[in-house]
Amino acid sequence: MPTNPHDALRAWFLGPRAENAELLERLVIESLRDHVFWRRNYHPEDGVVIREVDKRQEGYEEAVATLTQELMGLLAELKRDVPVFSGRYKGHMIGEQTIASQVGYFATMLYNPNNVAFEIAPVTTRLELEVAAQLARMIGYDPARHWGHLTSGGTLANFEALWLARGVRYLPVAVAGAAAELGLDLPVVSMSLWELLNIPGPATLDLWDTLWAAAPRADVRRALANHSLAAIGYQEYSRRLALAYGDPLPAGVVLVAATAHYSWEKIVRALGIGSNQLVYVPLDQHFRMDPDALWRQVRELARHRQSVLACVSVCGTTEESAVDRLDQVLEVRARAERELGVTFHVHSDACYGGYAAAVTRRADGTRRSGEEIRAGVGLDWPSDDWVRAVAALGEADSVTVDPHKMGYVPYSAGAILVRDGRARQLVATDPPYLSPGEPDASDTERFLGRYILEGSKPGAAAAAVWLSHKVLPLDQRGYGYLIEQTAVGARGLHAALDGAKLGPFRTVMLPLPDINIVCWVVTHPALTTLAALNGFNERIYLRMSLARGDSVPEYIITRTRLQTPMYDGAVDPVLAGLGVCTPDQWRAAGAEGLVVLRATVMDPFLAERGPARDHITGLVAALGRAAEASLKAGQAG
Ligand SMILES: Cc1ncc(COP(=O)(O)O)c(C=O)c1O
């Protein structure tokens, strides 16, 4: 375990100039040789299939030549890929991969385990569950109660979170119907539909246990199938509920922070909830979900007896890396339960920012205070509120956190974690082949395919994350240090852009980021309309990205378009700084939105003024050149 993370950081990555090439090469060769020995020693009595003499045949040599030639072609093609390893890359949520994850992936890929079932991946299924337990511990879940696993990414992890949440929210309705059918005298049988949909999470899962204990398993299984949404499907379900309860409630909604990743729209569409039921909660001026607005929204929905399936808050927004005040979101739910008799599932989409929880952990797993972290980082970051918000992850019903983002591992690796692991039973499906036996058999717990949306999935991804977590612990010595460094770098970049002397050009900054994504707009006195300003910033982006495809930019950034109504209010200070339109005019301009330049600082070396090029100064200078060229291009066009 690293005793000096500053030094260890230099061994964690291949390095922008492949400085650690020898190390990586040694470990890759070691992994390959070890695999080769395994094959050679596995039933050596079987003899060889490919003999030396076969290798001298013309057809063999031709096949080798084709392979070599085509590989050279692929290697040449790959040079046109995106140089995410470089300090010049500040684009999407991707940086270097740790050497540990590269080697872990490579070594395991040779064995090609499939984590859909432990019977074809006995080692890596265990590693996957260990990784989930490590992440769960980092965010503060009770190890004895949680459940989690890896997914292909954040979209899938979020999908599963809402899939499970919906299962939990509708469970009392299914239990009430099943209990009535079985003649069981449970209190849920006499509840109204509204009451059933507002039973708090842990109590709903207790109902599940109660039902299975109250009647023979086969009867419960049959009765649940007659009353569960999963078996019946939305169309028929709503009809039956209206008949049974005489109470056709309006469709339940999903509340999401207005910054929510677009995957949420896909998810509500795919789950049949419908995108009209996705309700955006306004933001404050730090681009965080506004808890007062959330309360007003929940109160209004309760007035119309419209149930809330889930509230999705974000830890590390895609655009700005903003960290919602999850602690306050949870307070809103507690208040709603107390004052309105209303409850909902609270999910944190920490796909991007989840690993930042490592910043709050000491080596022994205890929490660091804001003051302690700030003293270590040497900056006025993070605030005590930030620490409270991140610590609250442990109280959310589910959390998604992507190793393939700030876990610095190769694609594809997302993760879903649920606080009460019993929820997974609600989505369990048994295939006829691979049937593991009774649902509570211990080996079933390792049969991931039973509980997850995906089928075949790479054990290599699990091994990559596992090895990376071994080398970079999920606390202040490992990922915590790494992410602190990116936050320091991002703040340095923010300050440099804010104070940049770019001649007639002026930068207007979005607030200091909660983690490490810096956003800004460039303006010039000649740009007097919103459309002209947006066009100009769009041209800067084209010059500073691979989007044009015909030239290699000096530095690579991205851009985003902040839209009404999602960003209403939050963008007002930025609009005031730009002075081309009022917030009302901006809203009236509709889809025009506001084009904002965006730099994701996953590069842990940006913070350092080392012997190599200073990429903060470099990026600011390149921005100035891109601004000049973009203004000219706009005038010419
Ligand atoms: C906050 C957030 N959630 C979810 C996702 C989706 O993740 P993925 O691209 O791995 O599916 C992203 C991707 O950028 C994200 O930023």
# chains A, B, ... in the order shown; residues from 1 in each chain; ligands from 1
>>> residues_near_ligand(ligand="ligand 1", cutoff="9 Å", atoms="only C-alpha atoms and all ligand atoms", output="compact mmCIF listing (two decimals) with N, CA, C and O atoms, in the first residue's frame")
# COMPACT_ATOMS: atom_id res chain seq x y z
N HIS A 92 -13.34 14.58 -22.84
CA HIS A 92 -14.41 13.85 -22.16
C HIS A 92 -13.91 13.23 -20.86
O HIS A 92 -12.76 13.41 -20.47
N MET A 93 -14.82 12.45 -20.25
CA MET A 93 -14.50 11.86 -18.93
C MET A 93 -13.62 10.64 -19.10
O MET A 93 -14.02 9.51 -18.84
N THR A 151 -21.30 -3.28 -14.30
CA THR A 151 -22.14 -3.25 -15.50
C THR A 151 -21.25 -2.79 -16.66
O THR A 151 -20.08 -2.46 -16.46
N SER A 152 -21.87 -2.68 -17.84
CA SER A 152 -21.08 -2.22 -18.98
C SER A 152 -20.81 -0.72 -18.88
O SER A 152 -20.02 -0.20 -19.65
N GLY A 153 -21.48 -0.04 -17.99
CA GLY A 153 -21.24 1.40 -17.86
C GLY A 153 -22.32 2.07 -17.04
O GLY A 153 -23.18 1.39 -16.44
N GLY A 154 -22.27 3.40 -17.04
CA GLY A 154 -23.18 4.17 -16.21
C GLY A 154 -24.63 4.06 -16.66
O GLY A 154 -25.55 4.02 -15.84
N THR A 155 -24.83 4.02 -17.97
CA THR A 155 -26.20 3.96 -18.48
C THR A 155 -26.88 2.70 -17.98
O THR A 155 -28.00 2.74 -17.45
N LEU A 156 -26.19 1.58 -18.12
CA LEU A 156 -26.76 0.30 -17.67
C LEU A 156 -26.94 0.29 -16.15
O LEU A 156 -27.94 -0.22 -15.64
N ALA A 157 -25.97 0.84 -15.44
CA ALA A 157 -26.06 0.86 -13.98
C ALA A 157 -27.26 1.70 -13.54
O ALA A 157 -28.04 1.29 -12.67
N ASN A 158 -27.43 2.86 -14.18
CA ASN A 158 -28.59 3.70 -13.85
C ASN A 158 -29.89 2.98 -14.20
O ASN A 158 -30.88 3.07 -13.47
N THR A 259 -29.57 18.72 -14.23
CA THR A 259 -28.28 18.41 -14.87
C THR A 259 -28.19 16.94 -15.28
O THR A 259 -27.14 16.51 -15.76
N ALA A 260 -29.26 16.18 -15.07
CA ALA A 260 -29.17 14.72 -15.24
C ALA A 260 -28.62 14.33 -16.61
O ALA A 260 -28.94 14.95 -17.62
N HIS A 261 -27.81 13.30 -16.61
CA HIS A 261 -27.26 12.76 -17.84
C HIS A 261 -28.40 12.27 -18.75
O HIS A 261 -29.42 11.80 -18.25
N TYR A 262 -28.20 12.35 -20.06
CA TYR A 262 -29.30 12.01 -20.95
C TYR A 262 -29.69 10.53 -20.88
O TYR A 262 -30.74 10.13 -21.39
N SER A 263 -28.88 9.73 -20.22
CA SER A 263 -29.23 8.32 -20.09
C SER A 263 -30.57 8.15 -19.36
O SER A 263 -31.30 7.20 -19.61
N TRP A 264 -30.90 9.11 -18.48
CA TRP A 264 -32.15 8.97 -17.73
C TRP A 264 -33.36 9.02 -18.65
O TRP A 264 -34.35 8.34 -18.40
N VAL A 314 -27.35 13.92 -8.37
CA VAL A 314 -26.10 13.63 -9.08
C VAL A 314 -24.90 13.96 -8.20
O VAL A 314 -24.88 14.98 -7.52
N CYS A 315 -23.91 13.10 -8.23
CA CYS A 315 -22.64 13.38 -7.57
C CYS A 315 -21.60 13.45 -8.68
O CYS A 315 -21.12 12.42 -9.16
N GLY A 316 -21.33 14.67 -9.13
CA GLY A 316 -20.40 14.84 -10.26
C GLY A 316 -21.16 14.91 -11.56
O GLY A 316 -21.22 13.92 -12.32
N THR A 317 -21.77 16.06 -11.85
CA THR A 317 -22.59 16.17 -13.06
C THR A 317 -21.70 16.10 -14.31
O THR A 317 -20.54 16.48 -14.29
N THR A 318 -22.32 15.60 -15.37
CA THR A 318 -21.58 15.38 -16.62
C THR A 318 -20.96 16.68 -17.13
O THR A 318 -19.81 16.69 -17.58
N GLU A 319 -21.72 17.74 -17.07
CA GLU A 319 -21.25 19.00 -17.63
C GLU A 319 -20.26 19.73 -16.71
O GLU A 319 -19.27 20.26 -17.17
N SER A 321 -19.35 18.68 -13.16
CA SER A 321 -18.87 17.93 -11.99
C SER A 321 -19.46 18.47 -10.68
O SER A 321 -18.84 18.36 -9.62
N ASP A 349 -26.74 9.36 -8.81
CA ASP A 349 -25.97 9.06 -10.01
C ASP A 349 -24.57 9.62 -9.77
O ASP A 349 -24.29 10.80 -10.02
N ALA A 350 -23.73 8.75 -9.19
CA ALA A 350 -22.35 9.14 -8.90
C ALA A 350 -21.42 8.48 -9.92
O ALA A 350 -20.27 8.16 -9.61
N CYS A 351 -21.96 8.28 -11.14
CA CYS A 351 -21.18 7.61 -12.18
C CYS A 351 -19.84 8.33 -12.37
O CYS A 351 -18.81 7.70 -12.49
N TYR A 352 -19.90 9.65 -12.40
CA TYR A 352 -18.65 10.37 -12.56
C TYR A 352 -17.96 10.60 -11.21
O TYR A 352 -16.79 10.30 -11.03
N GLY A 353 -18.69 11.13 -10.23
CA GLY A 353 -18.03 11.62 -9.01
C GLY A 353 -17.88 10.63 -7.88
O GLY A 353 -17.28 10.95 -6.86
N THR A 400 -24.81 4.69 -8.31
CA THR A 400 -24.05 4.14 -9.44
C THR A 400 -22.71 4.88 -9.51
O THR A 400 -22.67 6.10 -9.34
N VAL A 401 -21.66 4.14 -9.72
CA VAL A 401 -20.32 4.74 -9.77
C VAL A 401 -19.48 3.96 -10.78
O VAL A 401 -19.41 2.74 -10.72
N ASP A 402 -18.91 4.71 -11.72
CA ASP A 402 -18.25 4.04 -12.85
C ASP A 402 -16.74 3.94 -12.69
O ASP A 402 -16.03 4.95 -12.81
N HIS A 404 -14.91 3.00 -14.97
CA HIS A 404 -14.28 3.43 -16.23
C HIS A 404 -14.30 4.95 -16.41
O HIS A 404 -13.90 5.44 -17.46
N LYS A 405 -14.72 5.66 -15.39
CA LYS A 405 -14.55 7.12 -15.42
C LYS A 405 -13.43 7.45 -14.42
O LYS A 405 -12.27 7.28 -14.75
N TYR A 411 -12.54 0.58 -20.48
CA TYR A 411 -13.95 0.24 -20.68
C TYR A 411 -14.04 -1.28 -20.78
O TYR A 411 -13.11 -1.92 -21.25
N SER A 412 -15.15 -1.96 -20.41
CA SER A 412 -16.30 -1.27 -19.89
C SER A 412 -16.51 -1.69 -18.44
O SER A 412 -16.54 -2.87 -18.15
N ALA A 413 -16.68 -0.69 -17.58
CA ALA A 413 -16.87 -0.99 -16.16
C ALA A 413 -17.64 0.12 -15.47
O ALA A 413 -17.09 1.17 -15.11
N GLY A 414 -18.93 -0.10 -15.32
CA GLY A 414 -19.76 0.73 -14.44
C GLY A 414 -20.06 -0.09 -13.20
O GLY A 414 -19.64 -1.24 -13.10
>>> residues_around(residues="Ile616 of chain A", least_positions_apart="4", cutoff="8 Å", atoms="only C-alpha atoms", output="short mmCIF file (atom, residue, chain, number, x, y, z; two decimals) with C-alpha atoms, in the first residue's frame")
data_model
loop_
_atom_site.label_atom_id
_atom_site.label_comp_id
_atom_site.auth_asym_id
_atom_site.auth_seq_id
_atom_site.Cartn_x
_atom_site.Cartn_y
_atom_site.Cartn_z
CA GLY A 492 -5.45 26.09 -11.21
CA LEU A 493 -6.96 26.01 -14.69
CA ALA A 496 -5.76 30.89 -15.08
CA LEU A 606 -1.78 19.20 -14.27
CA VAL A 620 -4.83 29.40 -22.10
#
>>> atom_distance(atom1="atom CA of Met566 of chain A", atom2="atom CA of Ala258 of chain A")
4.8 Å
>>> atom_distance(atom1="atom CA of Arg10 of chain A", atom2="atom CA of Ala463 of chain A")
22.0 Å
>>> atom_distance(atom1="atom CA of Glu554 of chain A", atom2="atom CA of Met406 of chain A")
24.3 Å
>>> residues_around(residues="Leu241 of chain A", least_positions_apart="4", cutoff="10 Å", atoms="only C-alpha atoms", output="list in words")
Val173, Gly177, Leu193, His227, Glu236, Tyr237, Tyr245, Gly246, Asp247, Pro248 and Leu249 of chain A
>>> select_by_dssp(residues="segment 337-544 of chain A", states="strand (DSSP E or B)", output="ChimeraX atom specification")
/A:345-349,361,367,398-400,414-418,458,502,505-509,517-523
>>> write_last_selection(atoms="N, CA, C and O atoms", output="CSV table (one decimal), in the first residue's frame")
chain,number,residue,atom,x,y,z
A,345,HIS,N,-37.8,6.5,-3.7
A,345,HIS,CA,-36.5,5.9,-3.7
A,345,HIS,C,-35.5,7.1,-4.0
A,345,HIS,O,-35.8,7.9,-4.9
A,346,VAL,N,-34.4,7.1,-3.2
A,346,VAL,CA,-33.4,8.1,-3.5
A,346,VAL,C,-32.2,7.5,-4.2
A,346,VAL,O,-31.6,6.5,-3.6
A,347,HIS,N,-31.9,7.9,-5.4
A,347,HIS,CA,-30.7,7.3,-6.1
A,347,HIS,C,-29.7,8.4,-6.3
A,347,HIS,O,-30.1,9.6,-6.6
A,348,SER,N,-28.4,8.1,-6.1
A,348,SER,CA,-27.4,9.1,-6.5
A,348,SER,C,-26.7,8.6,-7.8
A,348,SER,O,-26.1,7.5,-7.7
A,349,ASP,N,-26.7,9.4,-8.8
A,349,ASP,CA,-26.0,9.1,-10.0
A,349,ASP,C,-24.6,9.6,-9.8
A,349,ASP,O,-24.3,10.8,-10.0
A,361,ARG,N,-11.9,9.3,3.0
A,361,ARG,CA,-11.6,8.2,3.8
A,361,ARG,C,-10.1,8.1,4.2
A,361,ARG,O,-9.2,8.3,3.4
A,367,ARG,N,-13.8,8.4,8.5
A,367,ARG,CA,-14.0,9.6,7.7
A,367,ARG,C,-13.0,10.7,8.0
A,367,ARG,O,-12.8,11.0,9.2
A,398,SER,N,-29.7,3.7,-3.6
A,398,SER,CA,-28.9,3.1,-4.6
A,398,SER,C,-27.9,4.2,-5.1
A,398,SER,O,-28.2,5.4,-5.1
A,399,VAL,N,-26.7,3.7,-5.5
A,399,VAL,CA,-25.7,4.6,-6.1
A,399,VAL,C,-25.1,3.9,-7.3
A,399,VAL,O,-24.8,2.7,-7.2
A,400,THR,N,-24.8,4.7,-8.3
A,400,THR,CA,-24.1,4.1,-9.4
A,400,THR,C,-22.7,4.9,-9.5
A,400,THR,O,-22.7,6.1,-9.3
A,414,GLY,N,-18.9,-0.1,-15.3
A,414,GLY,CA,-19.8,0.7,-14.4
A,414,GLY,C,-20.1,-0.1,-13.2
A,414,GLY,O,-19.6,-1.2,-13.1
A,415,ALA,N,-20.8,0.5,-12.3
A,415,ALA,CA,-21.2,-0.3,-11.1
A,415,ALA,C,-22.5,0.2,-10.5
A,415,ALA,O,-22.7,1.4,-10.5
A,416,ILE,N,-23.3,-0.7,-10.1
A,416,ILE,CA,-24.5,-0.3,-9.3
A,416,ILE,C,-24.4,-0.9,-7.9
A,416,ILE,O,-23.9,-2.1,-7.7
A,417,LEU,N,-24.7,-0.1,-6.9
A,417,LEU,CA,-24.7,-0.5,-5.5
A,417,LEU,C,-26.1,-0.2,-4.9
A,417,LEU,O,-26.6,0.8,-5.2
A,418,VAL,N,-26.6,-1.2,-4.2
A,418,VAL,CA,-27.9,-1.0,-3.5
A,418,VAL,C,-27.7,-1.2,-2.0
A,418,VAL,O,-27.0,-2.1,-1.6
A,458,PRO,N,-17.6,-9.3,-19.4
A,458,PRO,CA,-16.2,-9.6,-19.2
A,458,PRO,C,-15.7,-9.7,-17.8
A,458,PRO,O,-15.7,-8.8,-17.0
A,502,LEU,N,-6.3,38.0,-22.7
A,502,LEU,CA,-6.5,37.5,-24.1
A,502,LEU,C,-6.8,38.7,-25.0
A,502,LEU,O,-7.6,38.6,-25.9
A,505,PHE,N,-10.4,39.7,-26.0
A,505,PHE,CA,-11.3,38.6,-25.5
A,505,PHE,C,-11.4,38.6,-24.0
A,505,PHE,O,-10.5,38.9,-23.3
A,506,ARG,N,-12.5,38.1,-23.6
A,506,ARG,CA,-12.8,38.0,-22.1
A,506,ARG,C,-13.4,36.7,-21.8
A,506,ARG,O,-14.3,36.2,-22.6
A,507,THR,N,-13.0,36.0,-20.7
A,507,THR,CA,-13.6,34.8,-20.3
A,507,THR,C,-14.6,35.0,-19.2
A,507,THR,O,-14.3,35.8,-18.3
A,508,VAL,N,-15.7,34.3,-19.3
A,508,VAL,CA,-16.7,34.4,-18.2
A,508,VAL,C,-16.8,33.0,-17.7
A,508,VAL,O,-17.2,32.0,-18.5
A,509,MET,N,-16.5,32.8,-16.5
A,509,MET,CA,-16.4,31.5,-15.9
A,509,MET,C,-17.7,31.0,-15.3
A,509,MET,O,-18.4,31.8,-14.6
A,517,ILE,N,-14.2,19.6,-13.3
A,517,ILE,CA,-14.6,20.0,-14.7
A,517,ILE,C,-14.8,21.5,-14.7
A,517,ILE,O,-15.5,22.1,-14.0
A,518,VAL,N,-14.0,22.1,-15.6
A,518,VAL,CA,-14.0,23.6,-15.7
A,518,VAL,C,-14.8,24.0,-16.9
A,518,VAL,O,-14.5,23.5,-18.0
A,519,CYS,N,-15.7,25.0,-16.7
A,519,CYS,CA,-16.5,25.5,-17.9
A,519,CYS,C,-16.5,27.0,-17.9
A,519,CYS,O,-16.4,27.7,-16.9
A,520,TRP,N,-16.5,27.5,-19.2
A,520,TRP,CA,-16.4,28.9,-19.4
A,520,TRP,C,-16.9,29.3,-20.8
A,520,TRP,O,-17.1,28.4,-21.6
A,521,VAL,N,-17.1,30.6,-20.9
A,521,VAL,CA,-17.5,31.1,-22.2
A,521,VAL,C,-16.5,32.2,-22.6
A,521,VAL,O,-16.1,33.0,-21.7
A,522,VAL,N,-16.2,32.3,-23.9
A,522,VAL,CA,-15.3,33.4,-24.3
A,522,VAL,C,-16.1,34.5,-25.0
A,522,VAL,O,-17.0,34.1,-25.8
A,523,THR,N,-15.9,35.7,-24.8
A,523,THR,CA,-16.7,36.8,-25.5
A,523,THR,C,-15.7,37.9,-26.0
A,523,THR,O,-14.5,37.9,-25.7
>>> closest_atom_pairs(of="segment 340-445 of chain A", to="segment 452-456 of chain A", cutoff="10 Å", atoms="only C-alpha atoms", output="JSON lines")
{"residue": "A:Arg424", "atom": "CA", "partner": "A:Ile452", "partner_atom": "CA", "distance": 8.3}
{"residue": "A:Val427", "atom": "CA", "partner": "A:Ile452", "partner_atom": "CA", "distance": 7.7}
{"residue": "A:Ala428", "atom": "CA", "partner": "A:Ile452", "partner_atom": "CA", "distance": 7.6}
{"residue": "A:Thr429", "atom": "CA", "partner": "A:Ile452", "partner_atom": "CA", "distance": 8.6}
>>> write_last_selection(atoms="N, CA and C atoms", output="JSON list (two decimals), in the first residue's frame")
[["chain", "number", "residue", "atom", "x", "y", "z"],
["A", 424, "ARG", "N", -32.59, -7.10, -4.95],
["A", 424, "ARG", "CA", -32.22, -7.83, -6.17],
["A", 424, "ARG", "C", -33.16, -9.00, -6.43],
["A", 427, "VAL", "N", -35.98, -8.68, -9.10],
["A", 427, "VAL", "CA", -35.77, -8.73, -10.55],
["A", 427, "VAL", "C", -35.15, -10.06, -10.98],
["A", 428, "ALA", "N", -35.05, -11.00, -10.04],
["A", 428, "ALA", "CA", -34.35, -12.26, -10.35],
["A", 428, "ALA", "C", -35.08, -13.07, -11.41],
["A", 429, "THR", "N", -34.31, -13.61, -12.34],
["A", 429, "THR", "CA", -34.86, -14.47, -13.40],
["A", 429, "THR", "C", -33.96, -15.70, -13.51]]
>>> residues_around(residues="Gly634 of chain A", least_positions_apart="4", cutoff="8 Å", atoms="only C-alpha atoms", output="list of chain:residue names")
A:Gly535, A:Phe536, A:Ser630
>>> closest_residue(among="A:Thr124, A:Tyr541, A:Gly95, A:Arg305", to="Ile557 of chain A", atoms="only C-alpha atoms")
A:Tyr541
>>> closest_residue(among="A:Glu96, A:Asp185, A:Asp572, A:Glu19", to="Arg587 of chain A", atoms="only C-alpha atoms")
A:Asp572
>>> residues_around(residues="segment 114-120 of chain A", least_positions_apart="4", cutoff="6 Å", atoms="only C-alpha atoms", output="ChimeraX atom specification")
/A:125,446-449,455-459
>>> select_by_dssp(residues="segment 35-279 of chain A", states="alpha helix (DSSP H)", output="ChimeraX atom specification")
/A:35-41,58-78,99-109,122-139,154-182,193-196,201-214,217-227,229-232,234-245,263-270
>>> residues_around(residues="Pro202 of chain A", least_positions_apart="3", cutoff="10 Å", atoms="only C-alpha atoms", output="PyMOL selection string")
chain A and resi 168+199+205-207+397+419-420+422-423
>>> write_last_selection(atoms="C-alpha atoms", output="PDB file, in the first residue's frame")
ATOM      1  CA  VAL A 168     -39.414  -1.921  -4.656  1.00  0.00           C
ATOM      2  CA  ILE A 199     -44.550   2.627   2.186  1.00  0.00           C
ATOM      3  CA  LEU A 205     -38.693  -5.267   1.534  1.00  0.00           C
ATOM      4  CA  ASP A 206     -39.797  -6.591   4.928  1.00  0.00           C
ATOM      5  CA  LEU A 207     -43.130  -7.301   3.243  1.00  0.00           C
ATOM      6  CA  ASP A 397     -31.050   3.685  -1.576  1.00  0.00           C
ATOM      7  CA  ARG A 419     -28.194  -0.298   0.145  1.00  0.00           C
ATOM      8  CA  ASP A 420     -30.633  -3.114   0.878  1.00  0.00           C
ATOM      9  CA  ARG A 422     -32.805  -7.870  -0.803  1.00  0.00           C
ATOM     10  CA  ALA A 423     -34.051  -5.662  -3.637  1.00  0.00           C
TER      11      ALA A 423
END
>>> residues_around(residues="segment 137-142 of chain A", least_positions_apart="4", cutoff="8 Å", atoms="only C-alpha atoms", output="count of residues only")
15
>>> closest_residue(among="A:Leu211, A:Ala464, A:Ala121, A:Ala591", to="Pro410 of chain A", atoms="only C-alpha atoms")
A:Ala464
